[in-house]
Structures are given as structure tokens and as C-alpha cells.
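Text of the file protein-v4.tsv, holding TSV, C-alpha atoms:
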```tsv
chain	number	residue	atom	x	y	z
A	356	MET	CA	28.37	7.65	18.87
A	357	SER	CA	25.16	9.59	18.68
A	358	PHE	CA	26.66	12.26	20.89
A	359	LEU	CA	29.56	12.52	18.46
A	360	ASP	CA	27.11	12.70	15.58
A	361	TYR	CA	25.39	15.49	17.40
A	362	LEU	CA	28.63	17.39	17.95
A	363	LEU	CA	29.69	16.96	14.36
A	364	GLY	CA	26.21	17.74	13.12
A	365	THR	CA	26.20	14.58	11.01
A	366	ARG	CA	22.94	13.27	12.38
A	367	LYS	CA	20.13	13.74	9.90
A	368	LYS	CA	17.31	15.94	11.09
A	369	THR	CA	14.02	14.06	11.36
A	370	ALA	CA	12.30	16.53	9.02
A	371	THR	CA	14.79	15.61	6.30
A	372	VAL	CA	14.19	11.92	6.95
A	373	ALA	CA	10.43	12.53	6.72
A	374	LYS	CA	10.78	14.36	3.43
A	375	ASP	CA	12.97	11.64	1.89
A	376	ARG	CA	10.62	8.86	2.99
A	377	LEU	CA	7.58	10.71	1.66
A	378	GLN	CA	9.18	11.41	-1.70
A	379	ILE	CA	10.00	7.73	-2.19
A	380	ILE	CA	6.65	6.28	-1.14
A	381	LEU	CA	4.60	8.91	-2.97
A	382	ALA	CA	6.52	8.40	-6.20
A	383	ARG	CA	5.60	4.73	-6.01
A	384	GLU	CA	1.96	5.35	-5.11
A	385	ARG	CA	1.54	7.89	-7.90
A	386	VAL	CA	2.71	5.34	-10.47
A	387	ASP	CA	0.14	2.85	-9.16
A	388	ARG	CA	-2.56	5.48	-9.36
A	389	LYS	CA	-1.86	6.38	-12.97
A	390	GLY	CA	-2.40	2.81	-14.09
A	391	PRO	CA	-5.75	1.07	-14.32
A	392	ASP	CA	-7.50	0.04	-11.11
A	393	PHE	CA	-6.60	-3.61	-11.60
A	394	LEU	CA	-2.84	-3.06	-11.70
A	395	PRO	CA	-2.05	-3.70	-8.01
A	396	GLU	CA	-4.20	-6.83	-8.06
A	397	LEU	CA	-2.63	-8.01	-11.30
A	398	ARG	CA	0.80	-7.51	-9.81
A	399	GLN	CA	-0.17	-9.50	-6.72
A	400	GLU	CA	-1.56	-12.41	-8.72
A	401	LEU	CA	1.42	-12.51	-11.07
A	402	LEU	CA	3.72	-12.65	-8.08
A	403	GLN	CA	1.72	-15.51	-6.60
A	404	VAL	CA	1.98	-17.52	-9.80
A	405	ILE	CA	5.70	-16.90	-10.18
A	406	SER	CA	6.50	-17.65	-6.57
A	407	LYS	CA	4.76	-21.01	-6.99
A	408	TYR	CA	7.64	-22.08	-9.24
A	409	VAL	CA	10.56	-19.86	-8.39
A	410	LYS	CA	11.73	-18.46	-5.11
A	411	ILE	CA	11.79	-14.75	-5.74
A	412	ASP	CA	12.58	-11.75	-3.68
A	413	LEU	CA	9.63	-9.33	-3.77
A	414	ASP	CA	12.01	-6.38	-3.94
A	415	GLN	CA	13.48	-7.80	-7.12
A	416	VAL	CA	10.21	-7.54	-9.00
A	417	LYS	CA	9.15	-4.46	-10.87
A	418	VAL	CA	5.83	-4.01	-12.61
A	419	ASN	CA	5.63	-0.98	-14.81
A	420	LEU	CA	2.95	0.34	-17.09
A	421	GLU	CA	4.14	2.77	-19.69
A	422	HIS	CA	2.34	4.73	-22.31
A	423	ASP	CA	3.95	4.79	-25.71
A	424	GLY	CA	1.84	6.64	-28.24
A	425	ASN	CA	-1.31	4.59	-28.68
A	426	PHE	CA	0.17	1.60	-26.91
A	427	GLU	CA	0.31	0.69	-23.28
A	428	VAL	CA	3.26	-1.46	-22.40
A	429	LEU	CA	3.09	-3.65	-19.33
A	430	GLU	CA	6.63	-4.35	-18.29
A	431	LEU	CA	7.42	-7.10	-15.81
A	432	ASN	CA	10.97	-7.22	-14.57
A	433	ILE	CA	11.95	-10.14	-12.36
A	434	VAL	CA	15.42	-11.00	-11.18
A	435	LEU	CA	15.59	-14.80	-10.89
A	436	PRO	CA	17.88	-16.47	-8.37
A	437	GLU	CA	21.17	-17.73	-9.78
A	438	SER	CA	21.05	-21.30	-8.60
A	439	ILE	CA	18.56	-23.67	-10.20
A	440	ASN	CA	18.37	-25.53	-6.87
A	441	THR	CA	16.26	-22.77	-5.41
A	442	VAL	CA	13.45	-23.68	-7.77
A	443	LYS	CA	10.63	-25.17	-5.74
A	444	LYS	CA	9.11	-28.48	-6.58
A	445	THR	CA	5.62	-28.10	-7.89
A	446	ALA	CA	2.78	-30.26	-6.73
A	447	PRO	CA	2.16	-33.27	-8.98
B	886	MET	CA	-21.40	32.12	-11.14
B	887	THR	CA	-21.53	30.12	-7.92
B	888	LYS	CA	-18.35	28.36	-6.87
B	889	VAL	CA	-18.36	25.04	-5.01
B	890	ILE	CA	-15.30	24.56	-2.79
B	891	VAL	CA	-14.49	21.33	-0.97
B	892	VAL	CA	-12.37	21.39	2.18
B	893	THR	CA	-10.73	17.99	2.31
B	894	SER	CA	-7.65	16.13	3.58
B	895	GLY	CA	-8.03	12.38	3.69
B	896	LYS	CA	-6.66	12.24	7.21
B	897	GLY	CA	-8.83	13.10	10.19
B	898	GLY	CA	-8.10	15.70	12.83
B	899	VAL	CA	-6.02	18.00	10.66
B	900	GLY	CA	-8.44	20.93	10.80
B	901	LYS	CA	-11.01	20.49	8.02
B	902	THR	CA	-13.98	21.63	10.08
B	903	THR	CA	-12.01	24.44	11.74
B	904	SER	CA	-10.88	25.59	8.30
B	905	SER	CA	-14.32	25.21	6.71
B	906	SER	CA	-15.94	27.29	9.43
B	907	SER	CA	-13.35	30.07	9.28
B	908	PHE	CA	-13.06	30.06	5.49
B	909	ALA	CA	-16.83	30.21	5.00
B	910	SER	CA	-17.13	32.93	7.66
B	911	GLY	CA	-14.34	34.87	5.96
B	912	LEU	CA	-16.07	34.77	2.57
B	913	ALA	CA	-19.28	35.98	4.23
B	914	LEU	CA	-17.42	38.75	6.09
B	915	ARG	CA	-16.17	39.91	2.71
B	916	GLY	CA	-19.77	40.32	1.58
B	917	HIS	CA	-20.30	37.07	-0.34
B	918	LYS	CA	-23.38	35.01	0.23
B	919	THR	CA	-22.02	31.71	1.48
B	920	ALA	CA	-23.43	28.33	2.47
B	921	VAL	CA	-21.36	25.76	4.33
B	922	ILE	CA	-22.43	22.11	4.25
B	923	ASP	CA	-21.37	19.43	6.73
B	924	PHE	CA	-20.90	16.19	4.75
B	925	ASP	CA	-19.89	14.13	7.78
B	926	VAL	CA	-23.09	12.12	7.99
B	927	GLY	CA	-23.30	10.36	11.35
B	928	LEU	CA	-20.66	12.54	13.00
B	929	ARG	CA	-22.11	16.04	12.82
B	930	ASN	CA	-19.66	18.61	14.21
B	931	LEU	CA	-19.63	21.72	12.05
B	932	ASP	CA	-22.69	22.99	13.98
B	933	LEU	CA	-20.69	22.81	17.21
B	934	ILE	CA	-17.68	24.65	15.80
B	935	MET	CA	-19.99	27.32	14.34
B	936	GLY	CA	-21.93	27.57	17.61
B	937	CYS	CA	-25.36	26.76	16.16
B	938	GLU	CA	-25.80	23.24	17.58
B	939	ARG	CA	-28.92	24.13	19.53
B	940	ARG	CA	-30.66	25.56	16.50
B	941	VAL	CA	-30.47	22.40	14.37
B	942	VAL	CA	-33.99	21.26	13.52
B	943	TYR	CA	-33.64	19.72	10.09
B	944	ASP	CA	-30.48	18.48	8.40
B	945	PHE	CA	-28.91	17.63	5.04
B	946	VAL	CA	-30.44	14.13	4.90
B	947	ASN	CA	-33.90	15.48	5.79
B	948	VAL	CA	-33.62	17.79	2.77
B	949	ILE	CA	-32.49	14.93	0.53
B	950	ASN	CA	-35.34	12.71	1.69
B	951	GLY	CA	-37.86	15.50	1.16
B	952	GLU	CA	-38.71	15.66	4.89
B	953	SER	CA	-37.94	19.37	4.96
B	954	THR	CA	-37.26	22.15	2.51
B	955	LEU	CA	-33.74	23.48	2.05
B	956	LYS	CA	-34.87	26.81	3.48
B	957	GLN	CA	-36.09	25.12	6.68
B	958	ALA	CA	-32.80	23.28	7.16
B	959	LEU	CA	-30.40	26.19	6.54
B	960	ILE	CA	-29.30	27.87	9.78
B	961	LYS	CA	-28.41	31.53	9.66
B	962	ASP	CA	-25.05	32.23	11.28
B	963	LYS	CA	-24.97	34.36	14.43
B	964	HIS	CA	-21.98	36.44	13.37
B	965	CYS	CA	-22.39	36.98	9.63
B	966	ASP	CA	-25.58	37.92	7.83
B	967	ASN	CA	-24.43	36.32	4.60
B	968	LEU	CA	-23.63	32.92	6.04
B	969	PHE	CA	-25.83	29.81	6.31
B	970	VAL	CA	-25.02	26.37	7.70
B	971	LEU	CA	-26.48	23.10	6.46
B	972	PRO	CA	-25.82	20.56	9.24
B	973	ALA	CA	-25.10	16.88	8.69
B	974	SER	CA	-27.56	14.36	10.03
B	975	GLN	CA	-26.82	12.02	12.91
B	976	THR	CA	-28.17	9.03	11.00
B	977	ARG	CA	-25.90	6.04	10.82
B	978	ASP	CA	-27.02	5.20	7.29
B	979	LYS	CA	-23.86	5.55	5.23
B	980	ASP	CA	-25.76	5.49	1.95
B	981	ALA	CA	-27.87	8.50	2.88
B	982	LEU	CA	-26.05	10.57	0.26
B	983	ASP	CA	-25.82	9.90	-3.46
B	984	THR	CA	-24.57	12.02	-6.35
B	985	ALA	CA	-28.02	12.71	-7.81
B	986	SER	CA	-29.61	14.00	-4.61
B	987	VAL	CA	-26.50	15.90	-3.46
B	988	GLY	CA	-26.48	17.47	-6.93
B	989	ARG	CA	-30.10	18.59	-6.52
B	990	VAL	CA	-29.34	20.31	-3.19
B	991	ILE	CA	-26.20	21.99	-4.56
B	992	ASN	CA	-28.09	23.23	-7.62
B	993	GLU	CA	-30.81	24.68	-5.44
B	994	LEU	CA	-28.15	26.46	-3.35
B	995	ARG	CA	-26.58	27.87	-6.53
B	996	ASP	CA	-29.69	30.03	-7.04
B	997	SER	CA	-29.05	32.09	-3.92
B	998	PHE	CA	-25.37	31.69	-2.94
B	999	ASP	CA	-22.03	32.91	-4.33
B	1000	TYR	CA	-19.98	30.24	-2.58
B	1001	ILE	CA	-20.84	26.74	-1.38
B	1002	VAL	CA	-18.23	25.34	1.02
B	1003	CYS	CA	-18.33	21.56	1.47
B	1004	ASP	CA	-16.79	20.32	4.74
B	1005	SER	CA	-15.62	16.79	3.92
B	1006	PRO	CA	-15.44	13.93	6.40
B	1007	ALA	CA	-12.09	12.16	6.85
B	1008	GLY	CA	-11.31	9.07	4.82
B	1009	ILE	CA	-12.00	8.22	1.21
B	1010	GLU	CA	-15.42	6.63	1.68
B	1011	LYS	CA	-18.78	7.71	0.33
B	1012	GLY	CA	-19.14	10.90	2.40
B	1013	ALA	CA	-15.75	12.21	1.32
B	1014	LEU	CA	-16.42	11.31	-2.31
B	1015	MET	CA	-19.80	13.08	-2.20
B	1016	ALA	CA	-18.22	16.21	-0.68
B	1017	LEU	CA	-15.70	16.54	-3.49
B	1018	TYR	CA	-17.82	15.32	-6.41
B	1019	TYR	CA	-19.28	18.70	-7.46
B	1020	ALA	CA	-16.28	20.82	-6.44
B	1021	ASP	CA	-14.86	23.56	-8.65
B	1022	GLU	CA	-12.00	24.24	-6.27
B	1023	ALA	CA	-10.47	22.36	-3.35
B	1024	LEU	CA	-8.68	23.37	-0.17
B	1025	ILE	CA	-6.32	20.55	0.77
B	1026	VAL	CA	-5.82	20.83	4.52
B	1027	THR	CA	-2.47	19.33	5.47
B	1028	ASN	CA	-0.46	19.11	8.69
B	1029	PRO	CA	3.33	19.12	8.35
B	1030	GLU	CA	3.46	15.45	9.30
B	1031	VAL	CA	4.09	12.32	7.20
B	1032	SER	CA	0.69	10.61	7.38
B	1033	SER	CA	-1.20	13.81	6.65
B	1034	VAL	CA	0.97	14.63	3.63
B	1035	ARG	CA	0.59	11.11	2.24
B	1036	ASP	CA	-3.21	11.20	2.67
B	1037	SER	CA	-3.38	14.61	1.02
B	1038	ASP	CA	-1.54	13.20	-1.97
B	1039	ARG	CA	-4.05	10.37	-2.10
B	1040	ILE	CA	-6.94	12.83	-2.02
B	1041	LEU	CA	-5.34	14.83	-4.86
B	1042	GLY	CA	-5.40	11.63	-6.91
B	1043	ILE	CA	-9.08	11.12	-6.10
B	1044	LEU	CA	-9.94	14.72	-7.02
B	1045	ALA	CA	-8.30	14.12	-10.38
B	1046	ALA	CA	-10.10	10.84	-10.99
B	1047	LYS	CA	-13.45	10.67	-9.20
B	1048	SER	CA	-14.88	14.20	-9.29
B	1049	LYS	CA	-17.59	15.29	-11.69
B	1050	ARG	CA	-15.09	17.52	-13.48
B	1051	ALA	CA	-12.84	14.50	-14.01
B	1052	GLU	CA	-15.71	12.32	-15.22
B	1053	ASP	CA	-16.93	15.01	-17.62
B	1054	GLY	CA	-13.41	15.67	-18.89
B	1055	ALA	CA	-13.89	19.30	-17.87
B	1056	GLU	CA	-11.20	21.64	-16.60
B	1057	PRO	CA	-9.69	20.01	-13.48
B	1058	ILE	CA	-10.56	21.13	-9.96
B	1059	LYS	CA	-8.40	24.06	-8.88
B	1060	GLU	CA	-6.32	22.88	-5.92
B	1061	HIS	CA	-5.08	25.00	-3.02
B	1062	LEU	CA	-2.74	23.85	-0.27
B	1063	LEU	CA	-3.64	24.95	3.25
B	1064	ILE	CA	-1.05	23.98	5.84
B	1065	THR	CA	-2.43	23.98	9.39
B	1066	ARG	CA	-0.95	23.48	12.87
B	1067	TYR	CA	2.38	24.81	11.66
B	1068	SER	CA	5.12	25.49	14.15
B	1069	PRO	CA	7.80	27.75	12.61
B	1070	ARG	CA	10.08	27.09	15.57
B	1071	ARG	CA	10.02	23.31	15.12
B	1072	ALA	CA	10.39	23.60	11.35
B	1073	ALA	CA	13.45	25.83	11.83
B	1074	ALA	CA	14.89	23.24	14.22
B	1075	GLY	CA	14.48	20.52	11.61
B	1076	GLU	CA	11.91	18.71	13.74
B	1077	MET	CA	8.96	19.40	11.45
B	1078	LEU	CA	8.49	19.41	7.68
B	1079	SER	CA	8.76	23.00	6.51
B	1080	VAL	CA	6.22	24.80	4.34
B	1081	THR	CA	8.63	24.46	1.41
B	1082	ASP	CA	9.03	20.72	2.05
B	1083	VAL	CA	5.28	20.07	2.05
B	1084	GLN	CA	4.73	22.25	-0.98
B	1085	GLU	CA	7.56	20.56	-2.87
B	1086	ILE	CA	6.18	17.10	-2.12
B	1087	LEU	CA	2.56	17.85	-3.00
B	1088	SER	CA	3.40	20.39	-5.72
B	1089	ILE	CA	0.18	22.39	-5.62
B	1090	PRO	CA	-0.09	26.16	-5.07
B	1091	LEU	CA	0.06	27.30	-1.44
B	1092	LEU	CA	-2.98	29.26	-0.29
B	1093	GLY	CA	-1.93	29.78	3.30
B	1094	VAL	CA	-0.31	28.59	6.49
B	1095	ILE	CA	-2.16	28.56	9.80
B	1096	PRO	CA	0.20	28.53	12.77
B	1097	GLU	CA	-0.41	26.18	15.69
B	1098	THR	CA	-2.18	28.46	18.16
B	1099	GLU	CA	-4.00	28.06	21.44
B	1100	ALA	CA	-6.69	30.32	20.01
B	1101	VAL	CA	-8.05	27.52	17.80
B	1102	LEU	CA	-9.11	25.35	20.72
B	1103	GLN	CA	-10.49	28.37	22.54
B	1104	ALA	CA	-12.53	29.28	19.47
B	1105	SER	CA	-14.03	25.82	19.20
B	1106	ASN	CA	-14.72	25.80	22.94
B	1107	ALA	CA	-16.73	28.97	22.46
B	1108	GLY	CA	-18.36	27.96	19.16
B	1109	VAL	CA	-17.05	31.03	17.38
B	1110	PRO	CA	-14.89	30.36	14.27
B	1111	VAL	CA	-11.31	31.44	14.99
B	1112	ILE	CA	-11.35	33.91	12.08
B	1113	HIS	CA	-13.42	36.21	14.32
B	1114	ASP	CA	-10.53	36.32	16.81
B	1115	ILE	CA	-8.57	39.02	15.01
B	1116	GLU	CA	-6.08	39.24	17.88
B	1117	SER	CA	-4.86	35.71	17.24
B	1118	ASN	CA	-2.31	34.63	14.64
B	1119	ALA	CA	-4.66	31.91	13.41
B	1120	GLY	CA	-7.52	34.38	12.95
B	1121	GLN	CA	-5.31	36.73	10.98
B	1122	ALA	CA	-3.87	33.86	8.93
B	1123	TYR	CA	-7.40	32.73	7.95
B	1124	ARG	CA	-8.26	36.30	6.91
B	1125	ASP	CA	-5.19	36.27	4.69
B	1126	VAL	CA	-6.27	32.92	3.23
B	1127	VAL	CA	-9.67	34.31	2.28
B	1128	ALA	CA	-8.11	37.46	0.76
B	1129	ARG	CA	-5.72	35.36	-1.33
B	1130	PHE	CA	-8.56	33.09	-2.40
B	1131	LEU	CA	-10.42	36.19	-3.61
B	1132	GLY	CA	-7.41	37.10	-5.74
B	1133	GLU	CA	-5.60	39.59	-3.53
B	1134	ASP	CA	-1.83	39.57	-3.32
B	1135	VAL	CA	-1.19	39.10	0.39
B	1136	PRO	CA	2.28	38.05	1.61
B	1137	MET	CA	2.59	34.94	3.78
B	1138	ARG	CA	2.87	35.58	7.51
B	1139	PHE	CA	3.76	33.56	10.62
B	1140	LEU	CA	6.36	31.48	8.78
B	1141	THR	CA	9.30	32.34	11.01
B	1142	ALA	CA	9.79	31.70	14.70
B	1143	ASP	CA	9.58	34.67	17.03
B	1144	LYS	CA	13.03	35.52	18.24
B	1145	LYS	CA	12.75	35.69	21.99
B	1146	GLY	CA	14.48	38.66	23.51
B	1147	PHE	CA	16.90	38.34	26.41
B	1148	PHE	CA	14.38	39.40	29.04
B	1149	SER	CA	11.47	37.32	27.82
B	1150	ARG	CA	13.82	34.36	27.70
B	1151	LEU	CA	14.93	35.10	31.23
B	1152	PHE	CA	11.46	35.47	32.63
B	1153	GLY	CA	9.80	32.92	30.37
B	1154	ALA	CA	7.18	35.38	29.21
```
Encoding of this model in C-alpha cells:
Amino acid sequence: MSFLDYLLGTRKKTATVAKDRLQIILARERVDRKGPDFLPELRQELLQVISKYVKIDLDQVKVNLEHDGNFEVLELNIVLPESINTVKKTAP
Amino acid sequence: MTKVIVVTSGKGGVGKTTSSSSFASGLALRGHKTAVIDFDVGLRNLDLIMGCERRVVYDFVNVINGESTLKQALIKDKHCDNLFVLPASQTRDKDALDTASVGRVINELRDSFDYIVCDSPAGIEKGALMALYYADEALIVTNPEVSSVRDSDRILGILAAKSKRAEDGAEPIKEHLLITRYSPRRAAAGEMLSVTDVQEILSIPLLGVIPETEAVLQASNAGVPVIHDIESNAGQAYRDVVARFLGEDVPMRFLTADKKGFFSRLFGA
């Protein structure tokens, strides 16, 4: 298969892969950097609290800080699982 | 007006000290009075690359602690009259440097130098923060490789947030991209990030590209900054970098692979 890829030139060059990976990770890190220092920690703690009650997929959580004029809007976007049965029992 | 320039990268081993030594030598060769400071406290190495390791008597930390004068600690370069080296100390005390005392030394240097080049240690710890704190301009040394590019981006964020200029709300540090260890052949083959790729990702102005050359190791073996090796591609590329830094319009060189002729290919020359 890889030989065929090679012949057809469909295999992605590693430099292109490197560039794509860097662009994605740096975009994310730059957003973190623009926010206040506590943002990553805040995100972590929020996730801990939520995962105590609901089983969530970490990839389905987005924390965004946006500037809107004089306001800063902290946006928390969580996709909850469909079934209620996935909700964990909390300690009494 | 004296300019303070930090040579930084985040990642280690990308060529900060090599670049600091050649860049500072180049400024001196062009007639500017230049001081180059090694900020890598505990891991002194600029002296070795500049070939003055046996003449170190006092160091940066001695000056800060008042154990020697600045004049006693500055080492005059063997090759350029206008160049002086301030070596790092070998002390293991990480807190040897602080903004106030580094500021005093830099201000004293301002009286007699046109350019102060600060050779930063790797990482984003105290030493690196001290090296960039007073900078007016920054050379971001980057290898065309993922971890180096990511760390450079991180350092750009720190320059914009933790430098004196950032704290004072002054005009931001002027950033220059310096790509080192570049292999045009591998970039053309799609095995290495190209100059355009790196520049697009970091989006800061390109000051120069230093090709991967055997001459760099030979220069450090000998303790003579590679910029003095005018036969080598790296030496010429550093001269171009200095000229561009001084405002000259010099085209980029060594960006394309040498096309090997039939006979050299045949005989492997």
C-alpha cells in the first residue's frame, strides 16, 4: 500500500505533516496565552467538578475567553452524553 | 543610543551561542562597539566558542556582587578590537541574577557600547527571563524542526508579556527570525520544514538563514566564531545577517540545494 502511495505520490511529505501539526497546536497555545494566567487551571478545575457528576469526553469541552468591548466573556461549551444512565452516582 | 539585543530560542542546542558569538563579532567587524554577555549562569560556554576561556578571571555574577568592576570582568576579543565578552559564572546559584542588578550592569555598559548582545540560556527559567528583560530587539534562533518552532513561539509570547518593554507598555521588542541548521536539499525533498513554512507559522520578519555546515563545528572546535570563516556558507550567511540587521538590503542566499553536476555525482565529490 505504501509503495503504491509512493508511486502515486499520494503519501504526505513529513514536512507538510509537521507544518499542519504545528499550526493546530500553536493556534491552541496562543489562545491560552492571551487569556489570564489562571485560565488553564480554571479549565482543569471546572472539568474535575463536571466529571464528578457527568461522564464527559475531554475533547467535547471547549473553554473560550473572548473580549467584547469592555467585557470579557468566559464561554464554556460542554457536550453532554445523550443517555442519562451515563451520569455517575455521587457520593452520599 | 545603545541597543540591547537578546539571542533566544526556548529550545536548547539550536545555535544561540554560535549565533551570539558570530552576530556580536559581525557588529564589531562593522565598526560598532559591542559587548556580548553570557546569561547561562552555571553553564558558561560563550567563552569557549569565542576562544577566550583561559582569560576568564571575573564573571557576570562577580560584577553583580561587587566582587569586581565591570572593566575587570570584560574580556577583549582576540579578533575584533571593538568586541568585549562578559562571561557567565560557574556558580550553581540560580538566583544569582535579578532584574535590578542586571539592569545596573546593562546601564553601565550603555555608557561605552553601541550594542549589547545577550546570549540567553535555553528554557524559560530565570536566566532566560533575565536575558530578554531589557531587550530592545530579539533574534529568535529556530531550527526547521517541530519542537524548536513550538518553543520559539512560546518565547515570542514571553517577549510580549514579560519583558521590560511589555511591563512599561512601551513599543514592543522588535523580533527577527534567524533560521539555523537549514538544509535546502532536505527542505526541497519535503523532509524538512522550509523557510517559508517556519516564517508562516511564526509570522515574524526573517533576518537570515544559516545553512547546516561542517564549518560551524570546526569553528567552535577552534574557538573562532564562524563569521570569521569567510570561505564557509555559514560565515557568509552570518555576515549577511549582520548587514541586514544594520539596515542593508541584502538578498537571501543558500536557500536552494546545489544541483550536482553529472561528474560530481559520478565521483561523489
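Rounded to one decimal, atom CA of B:Gly936 and atom CA of B:Val1109 lie 6.0 Å from each other.
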Among listed residues B:Asp944, B:Glu1060, B:Glu1076, B:Glu993, nearest chain A (using only C-alpha atoms):
B:Glu1076
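Atom CA of B:Glu1022 sits 10.6 Å away from atom CA of B:Tyr1000.
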Residues of chain B were defined as contacting chain A if any atom lay at most 10 Å from it, counting all atoms listed in the file; please report them as a list in words.
Pro1029, Glu1030, Val1031, Ser1032, Val1034, Arg1035, Asp1036, Asp1038, Arg1039, Gly1042, Ile1043, Ala1046, Arg1071, Ala1072, Ala1073, Ala1074, Gly1075, Glu1076, Met1077, Leu1078, Ser1079, Asp1082, Val1083, Glu1085, Ile1086 and Leu1087 of chain B
Near stretch 1104-1107 of chain B, counting only C-alpha atoms, which residues have an atom at most 12 Å away, once you skip same-chain residues fewer than 5 positions from it, shown as a PyMOL selection string?
chain B and resi 900+902-904+906-907+930-938+1098-1099+1112-1117+1119-1120
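Take the candidates B:Leu1017, B:Ser894, B:Ser905, B:Thr976 and check each one against B:Val1111 using all atoms listed in the file; the shortest distance goes to B:Ser905.
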Using all atoms listed in the file, can you tell me which of B:Val1080, B:Leu1063, B:Val891, B:Val921 comes closest to B:Leu994?
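For B:Leu994, the nearest of the given residues is B:Val921.
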